[in-house]
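A.B. asks: Before we start, here is the structure in question, set down as structure tokens.
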Amino acid sequence: MSGAPIDLAHLGRYTAGDARLERELLELFVRSAGDCLARLAAAAETRAWGEAAHSLRGAALGIGATRMAALAATAETLGPGEAGRDTLAALAAALAEVRAFVAARP
């Protein structure tokens, strides 16, 4: 699917095409990403912000959520200031797309 928030071919390389495992990983990612976004929103210092953004980037890369990974990489460089908050909003929108994508999958 072009423009999908998850690269299913990428994910499939790690799951050997096991649909149940893919679903489990996607659901785990959605929960984990939500936790990371909450940590970003609560971060008052650069270190906490960077750790949350880094965790999110790694998790996103792992499942093939490349847009989220790129946004998280940008967040890592910005910190919890105004520019970082704009990126946090973009990350929240990207997570909403991932949630909808996961919910629509059989």
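All residue names refer to the structure tokens as shown: chains lettered A, B, ... in order, residues numbered from 1 in each chain, ligands numbered from 1 in order.
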Please extract the residues of chain A with a backbone DSSP assignment of alpha helix (DSSP H) and present them as a ChimeraX atom specification.

C.D. replies: /A:8-15,19-42,46-63,66-78,82-104

A.B. asks: Using only C-alpha atoms, can you tell me which of A:Glu51, A:Glu97, A:Asp7, A:Glu24 comes closest to A:Glu76?

C.D. replies: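 Under the stated criterion, the closest residue is A:Glu51.
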
A.B. asks: Please determine, counting only C-alpha atoms, which residue among A:Ile63, A:Ala38, A:Leu71, A:Ala4 has the shortest atom-to-atom distance to A:Glu22.

C.D. replies: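 Closest to A:Glu22, using only C-alpha atoms: A:Ile63.
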
A.B. asks: Return the single residue from A:Leu26, A:Ala9, A:Ala19, A:Leu88 that is closest to A:Ala53, with distances computed using only C-alpha atoms.

C.D. replies: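 Among A:Leu26, A:Ala9, A:Ala19, A:Leu88, it is A:Leu88 that comes nearest to A:Ala53.
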
A.B. asks: May I ask which of the residues A:Gly64, A:Ala44, A:Ala83, A:Ala69 is the closest one to A:Leu8, counting only C-alpha atoms?

C.D. replies: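 Using only C-alpha atoms, the shortest distance to A:Leu8 belongs to A:Gly64.
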
A.B. asks: Pick out the closest residue to A:Arg47 from this set: A:Ala16, A:Leu21, A:Leu28, A:Ala75. Count only C-alpha atoms.

C.D. replies: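 Ranking A:Ala16, A:Leu21, A:Leu28, A:Ala75 by distance to A:Arg47, first place goes to A:Ala75.
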
A.B. asks: Set the distance at 8 Å and use only C-alpha atoms: which residues neighbour A:Pro5 once local chain neighbours fewer than 6 positions away are removed? I'd like the list as a list in words.

C.D. replies: Ala65, Thr66, Arg67, Ala94, Glu97, Val98 and Phe101 of chain A

A.B. asks: Emit the selected residues as a compact mmCIF listing (two decimals), in the first residue's frame, including all heavy atoms.

C.D. replies:
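File produced: part15.txt:
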```txt
# COMPACT_ATOMS: atom_id res chain seq x y z
N ALA A 65 8.08 1.89 10.46
CA ALA A 65 7.33 3.15 10.50
C ALA A 65 8.32 4.28 10.21
O ALA A 65 8.74 5.02 11.10
CB ALA A 65 6.67 3.33 11.86
N THR A 66 8.71 4.39 8.96
CA THR A 66 9.82 5.27 8.59
C THR A 66 9.51 6.76 8.79
O THR A 66 10.39 7.52 9.16
CB THR A 66 10.26 5.01 7.14
OG1 THR A 66 9.14 5.14 6.27
CG2 THR A 66 10.86 3.63 6.99
N ARG A 67 8.28 7.16 8.56
CA ARG A 67 7.93 8.58 8.78
C ARG A 67 8.05 8.91 10.26
O ARG A 67 8.62 9.94 10.64
CB ARG A 67 6.51 8.87 8.29
CG ARG A 67 6.11 10.32 8.53
CD ARG A 67 4.80 10.69 7.82
NE ARG A 67 4.49 12.07 8.09
CZ ARG A 67 3.64 12.48 9.02
NH1 ARG A 67 3.00 11.61 9.78
NH2 ARG A 67 3.41 13.76 9.21
N ALA A 94 1.26 11.34 13.36
CA ALA A 94 1.76 10.12 12.73
C ALA A 94 1.34 8.88 13.49
O ALA A 94 0.98 7.86 12.89
CB ALA A 94 3.29 10.18 12.61
N GLU A 97 -2.14 7.98 12.61
CA GLU A 97 -2.19 7.26 11.33
C GLU A 97 -1.83 5.79 11.51
O GLU A 97 -2.46 4.91 10.93
CB GLU A 97 -1.23 7.90 10.32
CG GLU A 97 -1.64 9.26 9.85
CD GLU A 97 -0.59 9.90 8.94
OE1 GLU A 97 0.42 9.24 8.60
OE2 GLU A 97 -0.78 11.07 8.58
N VAL A 98 -0.81 5.54 12.31
CA VAL A 98 -0.42 4.14 12.57
C VAL A 98 -1.55 3.41 13.28
O VAL A 98 -1.88 2.28 12.91
CB VAL A 98 0.89 4.07 13.39
CG1 VAL A 98 1.16 2.66 13.86
CG2 VAL A 98 2.06 4.61 12.59
N PHE A 101 -4.21 2.57 10.84
CA PHE A 101 -3.72 1.52 9.95
C PHE A 101 -3.81 0.16 10.64
O PHE A 101 -4.28 -0.81 10.05
CB PHE A 101 -2.27 1.84 9.55
CG PHE A 101 -1.64 0.84 8.65
CD1 PHE A 101 -1.89 0.85 7.29
CD2 PHE A 101 -0.77 -0.13 9.15
CE1 PHE A 101 -1.28 -0.08 6.44
CE2 PHE A 101 -0.17 -1.06 8.31
CZ PHE A 101 -0.42 -1.03 6.96
```

A.B. asks: Using only C-alpha atoms, find the one residue out of A:Ala70, A:Ala104, A:Ala96, A:Ala48 that sits nearest to A:Gly34.

C.D. replies: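 With only C-alpha atoms as the atom set, the closest residue is A:Ala96.
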